[in-house]
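run_8.pdb (PDB, C-alpha atoms)
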```pdb
ATOM      1  CA  MET N 132       0.000   0.000   0.000  1.00  0.00           C
ATOM      2  CA  LYS N 133       2.835   2.323   0.956  1.00  0.00           C
ATOM      3  CA  LYS N 134       4.672   1.567  -2.310  1.00  0.00           C
ATOM      4  CA  ILE N 135       1.562   2.258  -4.375  1.00  0.00           C
ATOM      5  CA  LEU N 136       1.138   5.544  -2.535  1.00  0.00           C
ATOM      6  CA  VAL N 137       4.719   6.515  -3.350  1.00  0.00           C
ATOM      7  CA  VAL N 138       4.241   5.603  -7.013  1.00  0.00           C
ATOM      8  CA  VAL N 139       1.020   7.615  -7.202  1.00  0.00           C
ATOM      9  CA  MET N 140       2.699  10.599  -5.571  1.00  0.00           C
ATOM     10  CA  LEU N 141       5.598  10.391  -8.012  1.00  0.00           C
ATOM     11  CA  LEU N 142       3.165  10.154 -10.897  1.00  0.00           C
ATOM     12  CA  GLY N 143       1.414  13.256  -9.610  1.00  0.00           C
ATOM     13  CA  VAL N 144       4.680  15.120  -9.452  1.00  0.00           C
ATOM     14  CA  PHE N 145       5.567  14.057 -13.011  1.00  0.00           C
ATOM     15  CA  VAL N 146       2.158  15.033 -14.338  1.00  0.00           C
ATOM     16  CA  GLY N 147       2.427  18.383 -12.589  1.00  0.00           C
ATOM     17  CA  LEU N 148       5.857  18.941 -14.055  1.00  0.00           C
ATOM     18  CA  SER N 149       4.749  17.951 -17.538  1.00  0.00           C
ATOM     19  CA  PHE N 150       1.860  20.411 -17.251  1.00  0.00           C
ATOM     20  CA  GLY N 151       4.345  23.145 -16.467  1.00  0.00           C
ATOM     21  CA  VAL N 152       6.488  22.085 -19.428  1.00  0.00           C
ATOM     22  CA  ALA N 153       3.463  22.043 -21.714  1.00  0.00           C
ATOM     23  CA  LEU N 154       2.546  25.574 -20.660  1.00  0.00           C
ATOM     24  CA  ALA N 155       6.095  26.716 -21.306  1.00  0.00           C
ATOM     25  CA  ALA N 156       6.066  25.001 -24.693  1.00  0.00           C
ATOM     26  CA  GLU N 157       2.873  26.818 -25.615  1.00  0.00           C
ATOM     27  CA  GLY N 158       4.568  30.118 -24.882  1.00  0.00           C
ATOM     28  CA  ALA N 159       7.641  29.084 -26.830  1.00  0.00           C
ATOM     29  CA  ALA N 160       5.601  27.890 -29.800  1.00  0.00           C
ATOM     30  CA  ALA N 161       4.330  31.399 -30.351  1.00  0.00           C
ATOM     31  CA  VAL N 162       7.909  32.618 -30.706  1.00  0.00           C
ATOM     32  CA  LEU N 163       8.751  30.025 -33.366  1.00  0.00           C
ATOM     33  CA  ASP N 164       7.479  32.065 -36.280  1.00  0.00           C
ATOM     34  CA  SER N 165      10.091  31.557 -38.969  1.00  0.00           C
ATOM     35  CA  PRO N 166      10.493  28.196 -40.748  1.00  0.00           C
ATOM     36  CA  VAL N 167      14.195  28.194 -39.908  1.00  0.00           C
ATOM     37  CA  LYS N 168      13.446  28.252 -36.188  1.00  0.00           C
ATOM     38  CA  GLN N 169      10.941  25.465 -36.620  1.00  0.00           C
ATOM     39  CA  MET N 170      13.527  23.372 -38.430  1.00  0.00           C
ATOM     40  CA  VAL N 171      16.099  24.127 -35.719  1.00  0.00           C
ATOM     41  CA  ALA N 172      13.681  22.950 -33.045  1.00  0.00           C
ATOM     42  CA  LEU N 173      12.968  19.807 -35.053  1.00  0.00           C
ATOM     43  CA  ALA N 174      16.683  19.138 -35.564  1.00  0.00           C
ATOM     44  CA  ALA N 175      17.439  19.605 -31.866  1.00  0.00           C
ATOM     45  CA  GLY N 176      14.646  17.266 -30.834  1.00  0.00           C
ATOM     46  CA  LEU N 177      15.511  14.609 -33.393  1.00  0.00           C
ATOM     47  CA  GLY N 178      19.221  14.859 -32.594  1.00  0.00           C
ATOM     48  CA  ILE N 179      18.840  14.245 -28.881  1.00  0.00           C
ATOM     49  CA  ALA N 180      16.200  11.574 -29.509  1.00  0.00           C
ATOM     50  CA  ILE N 181      18.466   9.576 -31.817  1.00  0.00           C
ATOM     51  CA  ALA N 182      21.438   9.986 -29.484  1.00  0.00           C
ATOM     52  CA  ALA N 183      19.437   8.876 -26.451  1.00  0.00           C
ATOM     53  CA  PHE N 184      18.051   5.905 -28.394  1.00  0.00           C
ATOM     54  CA  GLY N 185      21.483   4.745 -29.541  1.00  0.00           C
ATOM     55  CA  GLY N 186      23.097   5.414 -26.176  1.00  0.00           C
ATOM     56  CA  ALA N 187      20.404   3.530 -24.303  1.00  0.00           C
ATOM     57  CA  ILE N 188      20.721   0.513 -26.590  1.00  0.00           C
ATOM     58  CA  GLY N 189      24.522   0.564 -26.330  1.00  0.00           C
ATOM     59  CA  GLN N 190      24.545   0.896 -22.562  1.00  0.00           C
ATOM     60  CA  GLY N 191      21.867  -1.766 -22.196  1.00  0.00           C
ATOM     61  CA  MET N 192      23.818  -4.247 -24.323  1.00  0.00           C
ATOM     62  CA  GLY N 193      27.044  -3.502 -22.476  1.00  0.00           C
ATOM     63  CA  ILE N 194      25.522  -3.900 -19.027  1.00  0.00           C
ATOM     64  CA  ALA N 195      23.630  -7.037 -20.041  1.00  0.00           C
ATOM     65  CA  SER N 196      26.807  -8.678 -21.361  1.00  0.00           C
ATOM     66  CA  ALA N 197      28.817  -7.661 -18.297  1.00  0.00           C
ATOM     67  CA  LEU N 198      26.197  -8.958 -15.872  1.00  0.00           C
ATOM     68  CA  ASN N 199      25.971 -12.169 -17.890  1.00  0.00           C
ATOM     69  CA  GLY N 200      29.722 -12.580 -17.565  1.00  0.00           C
ATOM     70  CA  ILE N 201      29.660 -11.860 -13.837  1.00  0.00           C
ATOM     71  CA  ALA N 202      26.818 -14.340 -13.325  1.00  0.00           C
ATOM     72  CA  ARG N 203      28.770 -17.048 -15.166  1.00  0.00           C
ATOM     73  CA  ASN N 204      32.031 -16.316 -13.395  1.00  0.00           C
ATOM     74  CA  PRO N 205      31.620 -14.222 -10.236  1.00  0.00           C
ATOM     75  CA  GLY N 206      35.349 -14.442  -9.566  1.00  0.00           C
ATOM     76  CA  ALA N 207      36.085 -12.339 -12.641  1.00  0.00           C
ATOM     77  CA  SER N 208      33.805  -9.531 -11.453  1.00  0.00           C
ATOM     78  CA  GLY N 209      36.681  -7.096 -10.898  1.00  0.00           C
ATOM     79  CA  LYS N 210      38.082  -7.638 -14.388  1.00  0.00           C
ATOM     80  CA  ILE N 211      34.687  -7.240 -16.037  1.00  0.00           C
ATOM     81  CA  VAL N 212      33.514  -4.150 -14.180  1.00  0.00           C
ATOM     82  CA  THR N 213      36.454  -1.901 -15.143  1.00  0.00           C
ATOM     83  CA  PRO N 214      35.955  -2.087 -18.933  1.00  0.00           C
ATOM     84  CA  MET N 215      32.214  -1.829 -18.368  1.00  0.00           C
ATOM     85  CA  ILE N 216      32.605   1.473 -16.494  1.00  0.00           C
ATOM     86  CA  ILE N 217      34.923   2.785 -19.219  1.00  0.00           C
ATOM     87  CA  GLY N 218      32.430   1.777 -21.912  1.00  0.00           C
ATOM     88  CA  LEU N 219      29.511   3.338 -20.063  1.00  0.00           C
ATOM     89  CA  ALA N 220      31.424   6.587 -19.610  1.00  0.00           C
ATOM     90  CA  MET N 221      32.264   6.717 -23.314  1.00  0.00           C
ATOM     91  CA  VAL N 222      28.681   6.065 -24.410  1.00  0.00           C
ATOM     92  CA  GLU N 223      27.429   8.674 -21.964  1.00  0.00           C
ATOM     93  CA  SER N 224      29.948  11.193 -23.311  1.00  0.00           C
ATOM     94  CA  LEU N 225      28.533  10.778 -26.808  1.00  0.00           C
ATOM     95  CA  VAL N 226      25.002  11.405 -25.584  1.00  0.00           C
ATOM     96  CA  ILE N 227      26.220  14.500 -23.739  1.00  0.00           C
ATOM     97  CA  TYR N 228      27.841  15.798 -26.959  1.00  0.00           C
ATOM     98  CA  SER N 229      24.485  15.479 -28.642  1.00  0.00           C
ATOM     99  CA  LEU N 230      22.791  17.236 -25.727  1.00  0.00           C
ATOM    100  CA  VAL N 231      25.287  20.096 -25.995  1.00  0.00           C
ATOM    101  CA  VAL N 232      24.711  20.442 -29.746  1.00  0.00           C
ATOM    102  CA  SER N 233      20.934  20.380 -29.287  1.00  0.00           C
ATOM    103  CA  LEU N 234      21.091  23.001 -26.540  1.00  0.00           C
ATOM    104  CA  LEU N 235      23.362  25.153 -28.661  1.00  0.00           C
ATOM    105  CA  LEU N 236      20.917  24.913 -31.556  1.00  0.00           C
ATOM    106  CA  LEU N 237      18.049  25.916 -29.307  1.00  0.00           C
ATOM    107  CA  PHE N 238      19.603  28.669 -27.226  1.00  0.00           C
ATOM    108  CA  LYS N 239      22.519  30.094 -29.160  1.00  0.00           C
ATOM    109  CA  LEU N 240      21.328  30.055 -32.761  1.00  0.00           C
TER     110      LEU N 240
ATOM    111  CA  MET I  21      50.412  -5.268 -21.247  1.00  0.00           C
ATOM    112  CA  LYS I  22      49.831  -3.493 -17.949  1.00  0.00           C
ATOM    113  CA  GLU I  23      46.238  -3.711 -16.819  1.00  0.00           C
ATOM    114  CA  THR I  24      44.051  -0.622 -16.933  1.00  0.00           C
ATOM    115  CA  THR I  25      42.612   0.503 -13.620  1.00  0.00           C
ATOM    116  CA  ILE I  26      39.951   3.107 -13.017  1.00  0.00           C
ATOM    117  CA  SER I  27      42.161   5.069 -10.633  1.00  0.00           C
ATOM    118  CA  ASP I  28      44.819   5.392 -13.375  1.00  0.00           C
ATOM    119  CA  ILE I  29      42.223   6.865 -15.722  1.00  0.00           C
ATOM    120  CA  GLU I  30      41.025   9.219 -12.986  1.00  0.00           C
ATOM    121  CA  ARG I  31      44.578  10.404 -12.411  1.00  0.00           C
ATOM    122  CA  VAL I  32      45.075  11.047 -16.142  1.00  0.00           C
ATOM    123  CA  ASN I  33      41.694  12.833 -16.153  1.00  0.00           C
ATOM    124  CA  LEU I  34      42.881  15.186 -13.449  1.00  0.00           C
ATOM    125  CA  ILE I  35      46.198  15.817 -15.206  1.00  0.00           C
ATOM    126  CA  ILE I  36      44.381  16.637 -18.458  1.00  0.00           C
ATOM    127  CA  LEU I  37      42.016  18.967 -16.571  1.00  0.00           C
ATOM    128  CA  LEU I  38      44.887  20.913 -15.050  1.00  0.00           C
ATOM    129  CA  ALA I  39      47.183  20.858 -18.078  1.00  0.00           C
ATOM    130  CA  GLY I  40      44.403  21.650 -20.546  1.00  0.00           C
ATOM    131  CA  SER I  41      43.138  24.556 -18.484  1.00  0.00           C
ATOM    132  CA  ALA I  42      46.632  25.979 -18.152  1.00  0.00           C
ATOM    133  CA  LEU I  43      47.332  25.506 -21.860  1.00  0.00           C
ATOM    134  CA  SER I  44      44.043  27.075 -22.925  1.00  0.00           C
ATOM    135  CA  VAL I  45      44.667  30.231 -20.916  1.00  0.00           C
ATOM    136  CA  LEU I  46      48.311  30.361 -22.022  1.00  0.00           C
ATOM    137  CA  ILE I  47      47.531  29.934 -25.722  1.00  0.00           C
ATOM    138  CA  MET I  48      44.372  32.022 -26.020  1.00  0.00           C
ATOM    139  CA  ARG I  49      45.245  34.684 -23.394  1.00  0.00           C
ATOM    140  CA  GLU I  50      41.644  35.002 -22.301  1.00  0.00           C
ATOM    141  CA  PHE I  51      39.826  33.567 -19.294  1.00  0.00           C
ATOM    142  CA  LYS I  52      36.739  32.711 -21.323  1.00  0.00           C
ATOM    143  CA  TYR I  53      38.589  29.790 -22.930  1.00  0.00           C
ATOM    144  CA  PHE I  54      40.001  28.680 -19.596  1.00  0.00           C
ATOM    145  CA  PHE I  55      36.520  28.724 -18.068  1.00  0.00           C
ATOM    146  CA  SER I  56      35.066  26.783 -21.014  1.00  0.00           C
ATOM    147  CA  PHE I  57      37.661  24.028 -20.930  1.00  0.00           C
ATOM    148  CA  ALA I  58      37.829  23.782 -17.131  1.00  0.00           C
ATOM    149  CA  VAL I  59      34.058  23.559 -16.670  1.00  0.00           C
ATOM    150  CA  GLY I  60      33.632  20.913 -19.394  1.00  0.00           C
ATOM    151  CA  SER I  61      36.533  18.893 -18.114  1.00  0.00           C
ATOM    152  CA  ALA I  62      35.436  19.138 -14.473  1.00  0.00           C
ATOM    153  CA  ILE I  63      31.908  18.041 -15.378  1.00  0.00           C
ATOM    154  CA  MET I  64      33.189  14.929 -17.162  1.00  0.00           C
ATOM    155  CA  THR I  65      35.740  14.114 -14.467  1.00  0.00           C
ATOM    156  CA  LEU I  66      33.080  14.300 -11.761  1.00  0.00           C
ATOM    157  CA  ASN I  67      30.670  12.309 -13.919  1.00  0.00           C
ATOM    158  CA  PHE I  68      33.252   9.538 -14.343  1.00  0.00           C
ATOM    159  CA  ARG I  69      33.992   9.503 -10.623  1.00  0.00           C
ATOM    160  CA  PHE I  70      30.326   9.306  -9.625  1.00  0.00           C
ATOM    161  CA  LEU I  71      29.656   6.621 -12.244  1.00  0.00           C
ATOM    162  CA  LYS I  72      32.531   4.576 -10.838  1.00  0.00           C
ATOM    163  CA  ASN I  73      31.332   4.988  -7.258  1.00  0.00           C
ATOM    164  CA  ILE I  74      27.760   4.007  -8.105  1.00  0.00           C
ATOM    165  CA  ILE I  75      28.690   0.943 -10.180  1.00  0.00           C
ATOM    166  CA  MET I  76      31.353  -0.213  -7.725  1.00  0.00           C
ATOM    167  CA  GLY I  77      28.740   0.118  -4.976  1.00  0.00           C
ATOM    168  CA  LEU I  78      26.317  -1.933  -7.051  1.00  0.00           C
ATOM    169  CA  THR I  79      28.683  -4.807  -7.748  1.00  0.00           C
ATOM    170  CA  SER I  80      30.775  -4.929  -4.588  1.00  0.00           C
ATOM    171  CA  GLY I  81      27.984  -5.680  -2.099  1.00  0.00           C
ATOM    172  CA  SER I  82      26.245  -8.975  -1.514  1.00  0.00           C
ATOM    173  CA  GLY I  83      23.192  -7.886  -3.465  1.00  0.00           C
ATOM    174  CA  VAL I  84      22.012  -5.028  -5.657  1.00  0.00           C
ATOM    175  CA  ARG I  85      21.019  -2.022  -3.571  1.00  0.00           C
ATOM    176  CA  LYS I  86      17.824  -0.479  -4.858  1.00  0.00           C
ATOM    177  CA  TRP I  87      18.815   3.006  -3.669  1.00  0.00           C
ATOM    178  CA  ASP I  88      21.822   3.064  -6.018  1.00  0.00           C
ATOM    179  CA  LEU I  89      19.957   1.734  -9.018  1.00  0.00           C
ATOM    180  CA  ILE I  90      16.693   3.654  -8.759  1.00  0.00           C
ATOM    181  CA  ILE I  91      17.749   6.973  -7.258  1.00  0.00           C
ATOM    182  CA  LYS I  92      21.476   7.597  -7.539  1.00  0.00           C
ATOM    183  CA  LEU I  93      22.083   6.654 -11.182  1.00  0.00           C
ATOM    184  CA  PRO I  94      19.201   8.678 -12.691  1.00  0.00           C
ATOM    185  CA  LEU I  95      19.916  11.543 -10.274  1.00  0.00           C
ATOM    186  CA  LYS I  96      23.522  11.663 -11.444  1.00  0.00           C
ATOM    187  CA  PHE I  97      22.444  11.904 -15.074  1.00  0.00           C
ATOM    188  CA  ILE I  98      19.813  14.565 -14.343  1.00  0.00           C
ATOM    189  CA  ILE I  99      22.329  16.686 -12.424  1.00  0.00           C
ATOM    190  CA  LEU I 100      24.848  16.260 -15.251  1.00  0.00           C
ATOM    191  CA  ALA I 101      22.342  17.289 -17.919  1.00  0.00           C
ATOM    192  CA  GLY I 102      21.203  20.211 -15.752  1.00  0.00           C
ATOM    193  CA  LEU I 103      24.753  21.411 -15.262  1.00  0.00           C
ATOM    194  CA  VAL I 104      25.504  21.232 -18.989  1.00  0.00           C
ATOM    195  CA  ALA I 105      22.255  23.043 -19.806  1.00  0.00           C
ATOM    196  CA  ALA I 106      22.918  25.753 -17.201  1.00  0.00           C
ATOM    197  CA  VAL I 107      26.464  26.314 -18.472  1.00  0.00           C
ATOM    198  CA  ILE I 108      25.293  26.611 -22.071  1.00  0.00           C
ATOM    199  CA  MET I 109      22.297  28.818 -21.315  1.00  0.00           C
ATOM    200  CA  PHE I 110      23.794  31.205 -18.771  1.00  0.00           C
ATOM    201  CA  GLY I 111      27.546  30.872 -19.164  1.00  0.00           C
ATOM    202  CA  ASP I 112      29.712  32.888 -21.499  1.00  0.00           C
ATOM    203  CA  ILE I 113      31.569  29.959 -23.043  1.00  0.00           C
ATOM    204  CA  ASN I 114      33.521  29.085 -26.158  1.00  0.00           C
ATOM    205  CA  VAL I 115      31.862  26.034 -27.680  1.00  0.00           C
ATOM    206  CA  VAL I 116      35.009  24.436 -29.118  1.00  0.00           C
ATOM    207  CA  PHE I 117      36.874  24.577 -25.827  1.00  0.00           C
ATOM    208  CA  PHE I 118      33.813  23.391 -23.926  1.00  0.00           C
ATOM    209  CA  LEU I 119      33.538  20.349 -26.206  1.00  0.00           C
ATOM    210  CA  LEU I 120      37.275  19.749 -25.835  1.00  0.00           C
ATOM    211  CA  GLY I 121      36.752  19.792 -22.091  1.00  0.00           C
ATOM    212  CA  LEU I 122      33.907  17.312 -22.424  1.00  0.00           C
ATOM    213  CA  SER I 123      36.277  15.013 -24.359  1.00  0.00           C
ATOM    214  CA  THR I 124      38.553  14.662 -21.336  1.00  0.00           C
ATOM    215  CA  VAL I 125      37.420  11.115 -20.568  1.00  0.00           C
ATOM    216  CA  PHE I 126      37.995  10.005 -24.175  1.00  0.00           C
ATOM    217  CA  ILE I 127      41.461  11.525 -24.204  1.00  0.00           C
ATOM    218  CA  SER I 128      42.385  10.100 -20.823  1.00  0.00           C
ATOM    219  CA  ILE I 129      41.318   6.582 -21.817  1.00  0.00           C
ATOM    220  CA  LEU I 130      43.390   6.889 -24.998  1.00  0.00           C
ATOM    221  CA  VAL I 131      46.405   8.227 -23.099  1.00  0.00           C
ATOM    222  CA  ASN I 132      46.062   5.516 -20.470  1.00  0.00           C
ATOM    223  CA  GLN I 133      45.992   2.775 -23.117  1.00  0.00           C
ATOM    224  CA  ILE I 134      49.095   4.206 -24.774  1.00  0.00           C
ATOM    225  CA  ILE I 135      50.834   4.325 -21.379  1.00  0.00           C
ATOM    226  CA  CYS I 136      49.852   0.693 -20.790  1.00  0.00           C
ATOM    227  CA  MET I 137      51.245  -0.317 -24.180  1.00  0.00           C
ATOM    228  CA  VAL I 138      54.596   1.383 -23.751  1.00  0.00           C
ATOM    229  CA  SER I 139      55.040   0.555 -20.072  1.00  0.00           C
ATOM    230  CA  PRO I 140      58.302  -1.272 -19.233  1.00  0.00           C
ATOM    231  CA  ALA I 141      56.445  -4.472 -18.266  1.00  0.00           C
ATOM    232  CA  ALA I 142      54.723  -4.652 -21.648  1.00  0.00           C
ATOM    233  CA  LYS I 143      57.990  -4.035 -23.481  1.00  0.00           C
ATOM    234  CA  ARG I 144      59.727  -6.734 -21.445  1.00  0.00           C
ATOM    235  CA  ARG I 145      56.979  -9.213 -22.245  1.00  0.00           C
ATOM    236  CA  GLN I 146      57.185  -8.408 -25.968  1.00  0.00           C
ATOM    237  CA  LYS I 147      60.934  -8.917 -25.859  1.00  0.00           C
ATOM    238  CA  ASP I 148      60.536 -12.292 -24.153  1.00  0.00           C
ATOM    239  CA  GLY I 149      58.002 -13.326 -26.765  1.00  0.00           C
ATOM    240  CA  ALA I 150      55.136 -13.717 -24.280  1.00  0.00           C
TER     241      ALA I 150
END
```

Now, as a test, write the supplied structure out as structure tokens.
Amino acid sequence: MKKILVVVMLLGVFVGLSFGVALAAEGAAAVLDSPVKQMVALAAGLGIAIAAFGGAIGQGMGIASALNGIARNPGASGKIVTPMIIGLAMVESLVIYSLVVSLLLLFKL
Amino acid sequence: MKETTISDIERVNLIILLAGSALSVLIMREFKYFFSFAVGSAIMTLNFRFLKNIIMGLTSGSGVRKWDLIIKLPLKFIILAGLVAAVIMFGDINVVFFLLGLSTVFISILVNQIICMVSPAAKRRQKDGA
């Protein structure tokens, strides 16, 4: 019961936040008058979406393989975790590059 | 070949942060470039450190701790994204140097691998035919 309550509360917070975002987006949509700005917004959204999609798949595959290896041979845990952390950091860096480019498109162009 | 350890990469990260910041201000003669590189590099260095701490905490214990997996990992990413967004929106930064700073982890992994390859132990092993 307590867990359900926590989930419902979290959902409420998320819905509230998304409402705020939607209101902000409505205000921003009025500013997007020129086709160039519309294309920039589309490019920023698509860019971060593709990067997040690829990064999530890459990280998921990496973690799944590493956990599989650890489950098969728990003694090799130390040797498996180090390359996994390096791989995760590299994938995350690529997603952050995309985030930076998207933010630059939105706020500095 | 010498084995790569996370602490080695962290050390190289820190060296690149300091050396890169010093070089950027020395070459460009303006603090804007120093700020851009240092902030990007510090963000990635901290990100790597927190990622290591969270994953080491996950795998070192007897079982998976829910707190690490559900709260800490997403929180780390949200804070990272927020920091990057705040720096880009409100900071007076040079984009090229900021991206160079964000590449610190890439560069440090590359440098660390090169160090491992040319370390005396690796050379000795190559000489012995191992």

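Counting from atom CA of Gln190 of chain N, the distance to atom CA of Ala220 of chain N is 9.4 Å.
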
| request: Have a look at I:Arg49, I:Lys86, I:Lys92, I:Arg69 and name the one nearest to chain N; count only C-alpha atoms. | output: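 Ranking I:Arg49, I:Lys86, I:Lys92, I:Arg69 by distance to chain N, first place goes to I:Arg69.
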
| request: Just the residues within 12 Å of Val222 of chain N, please, counting all atoms listed in the file, with nothing from its chain fewer than 2 positions along; format it as an MDAnalysis selection string. | output: (chainID N and resid 182:194 215:220 224:229) or (chainID I and resid 68 123 125:126)

| Residues of chain I within 9 Å of chain N, using all atoms listed in the file, as a ChimeraX atom specification? | /I:24-26,64,67-68,71-72,75-76,79-80,100-101,104-105,108-109,115,119,122-123,125-126,129

| field | Point-to-point distance from atom CA of Ala62 of chain I to atom CA of Gly178 of chain N, Å rounded to tenths | value |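 Going from atom CA of Ala62 of chain I over to atom CA of Gly178 of chain N, I get 24.7 Å.
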
| message | Which residue is closest to Ser56 of chain I? Choose from I:Val107, I:Leu78, I:Leu120, I:Ile113 and count all atoms listed in the file. | response | I:Ile113
